[in-house]
>>> print(open('model_7.csv').read())   # CSV, C-alpha atoms
chain,number,residue,atom,x,y,z
A,1,MET,CA,-28.0,-17.8,90.2
A,2,THR,CA,-25.4,-19.9,92.1
A,3,VAL,CA,-22.3,-18.7,93.9
A,4,GLN,CA,-20.2,-20.1,91.1
A,5,GLU,CA,-22.2,-18.2,88.5
A,6,LEU,CA,-21.7,-15.0,90.5
A,7,ILE,CA,-18.0,-15.7,90.9
A,8,ASP,CA,-17.7,-16.2,87.1
A,9,LYS,CA,-19.5,-12.9,86.4
A,10,LEU,CA,-17.5,-11.0,89.0
A,11,LYS,CA,-14.3,-12.2,87.4
A,12,THR,CA,-15.2,-10.1,84.3
A,13,CYS,CA,-15.8,-6.9,86.4
A,14,ASP,CA,-13.5,-4.1,87.2
A,15,LYS,CA,-12.0,-5.1,90.6
A,16,ASP,CA,-12.5,-1.5,91.8
A,17,ALA,CA,-16.2,-1.3,90.9
A,18,LEU,CA,-18.7,-0.7,93.7
A,19,VAL,CA,-21.2,-3.5,94.7
A,20,VAL,CA,-24.6,-1.9,95.3
A,21,THR,CA,-28.0,-3.0,96.5
A,22,ARG,CA,-31.4,-1.4,96.1
A,23,GLY,CA,-32.3,1.3,98.6
A,24,TYR,CA,-35.4,1.0,100.8
A,25,GLU,CA,-37.7,3.1,98.7
A,26,ALA,CA,-35.5,4.2,95.8
A,27,GLY,CA,-31.9,4.6,94.8
A,28,TYR,CA,-29.0,2.3,95.6
A,29,ASP,CA,-26.6,1.8,98.6
A,30,SER,CA,-23.2,0.4,98.8
A,31,ALA,CA,-23.2,-3.3,99.9
A,32,THR,CA,-21.8,-3.6,103.4
A,33,SER,CA,-22.2,-7.2,104.3
A,34,VAL,CA,-22.6,-10.8,103.2
A,35,TYR,CA,-24.8,-13.2,105.1
A,36,LEU,CA,-24.9,-17.0,104.8
A,37,CYS,CA,-28.5,-18.2,105.4
A,38,THR,CA,-31.1,-20.8,104.6
A,39,VAL,CA,-34.2,-19.9,102.6
A,40,ALA,CA,-37.6,-21.5,102.1
A,41,LEU,CA,-38.1,-21.6,98.3
A,42,ASN,CA,-41.1,-20.2,96.4
A,43,VAL,CA,-43.2,-19.4,99.4
A,44,ASN,CA,-44.6,-16.1,98.1
A,45,THR,CA,-46.7,-15.9,95.0
A,46,ALA,CA,-47.7,-12.2,94.9
A,47,TRP,CA,-45.7,-10.3,92.3
A,48,TYR,CA,-44.7,-7.6,94.8
A,49,TYR,CA,-43.0,-10.0,97.2
A,50,GLY,CA,-39.7,-11.8,96.6
A,51,ALA,CA,-40.3,-15.5,95.9
A,52,HIS,CA,-38.2,-16.8,98.9
A,53,GLU,CA,-38.1,-16.2,102.6
A,54,ILE,CA,-35.1,-16.4,104.9
A,55,LEU,CA,-35.6,-19.0,107.6
A,56,GLU,CA,-35.3,-17.8,111.1
A,57,GLU,CA,-35.0,-20.1,114.2
A,58,SER,CA,-38.6,-21.2,113.9
A,59,LEU,CA,-39.2,-23.4,110.9
A,60,ASP,CA,-42.9,-24.0,111.6
A,61,GLU,CA,-44.2,-21.3,109.3
A,62,TYR,CA,-42.5,-22.8,106.2
A,63,LYS,CA,-42.7,-26.5,107.1
A,64,GLY,CA,-43.1,-28.5,103.9
A,65,TYR,CA,-41.3,-26.0,101.6
A,66,GLU,CA,-38.1,-26.9,99.9
A,67,THR,CA,-35.1,-25.1,101.4
A,68,ALA,CA,-31.7,-24.1,100.1
A,69,LYS,CA,-28.5,-22.6,101.5
A,70,ALA,CA,-28.1,-19.0,100.3
A,71,VAL,CA,-25.9,-15.9,100.3
A,72,ARG,CA,-27.5,-12.6,101.0
A,73,ILE,CA,-25.7,-9.4,100.1
A,74,GLY,CA,-26.8,-6.4,102.2
>>> encode(input="model_7.csv", output="structure tokens")
Amino acid sequence: MTVQELIDKLKTCDKDALVVTRGYEAGYDSATSVYLCTVALNVNTAWYYGAHEILEESLDEYKGYETAKAVRIG
């Protein structure tokens, strides 16, 4: 999903609706922040990991992977 696709979807929502994210083990929490970041794409193949990883200052671990700018809602 791109930011534009998210914006288009959000335009159809009740403006007073909560934005939630999954809790650590179960349940949901209210979203409290938005982070701009860069991710290495498709680095994890195990079903129980998310496909992408957020790049930290050191890029060596994910050298050779395609990257993309991303928005993370926390």
>>> residues_around(input="model_7.csv", residues="range 32-42 of chain A", least_positions_apart="6", cutoff="10 Å", atoms="all atoms listed in the file", output="JSON, numbers by chain")
{"A": [19, 20, 21, 50, 51, 52, 53, 54, 55, 56, 59, 61, 62, 63, 64, 65, 66, 67, 68, 69, 70, 71, 72, 73, 74]}
>>> atom_distance(input="model_7.csv", atom1="CA of Leu6 in chain A", atom2="CA of Val43 in chain A")
23.7 Å
>>> axis_aligned_box(input="model_7.csv", around="range 47-54 of chain A", padding_each_side="3 Å", output="lines of an AutoDock Vina configuration file")
center_x = -40.4
center_y = -12.2
center_z = 98.6
size_x = 16.6
size_y = 15.2
size_z = 18.6
>>> atom_distance(input="model_7.csv", atom1="CA of Leu18 in chain A", atom2="CA of Ala31 in chain A")
8.1 Å
>>> atom_distance(input="model_7.csv", atom1="CA of Asp29 in chain A", atom2="CA of Gln4 in chain A")
24.0 Å
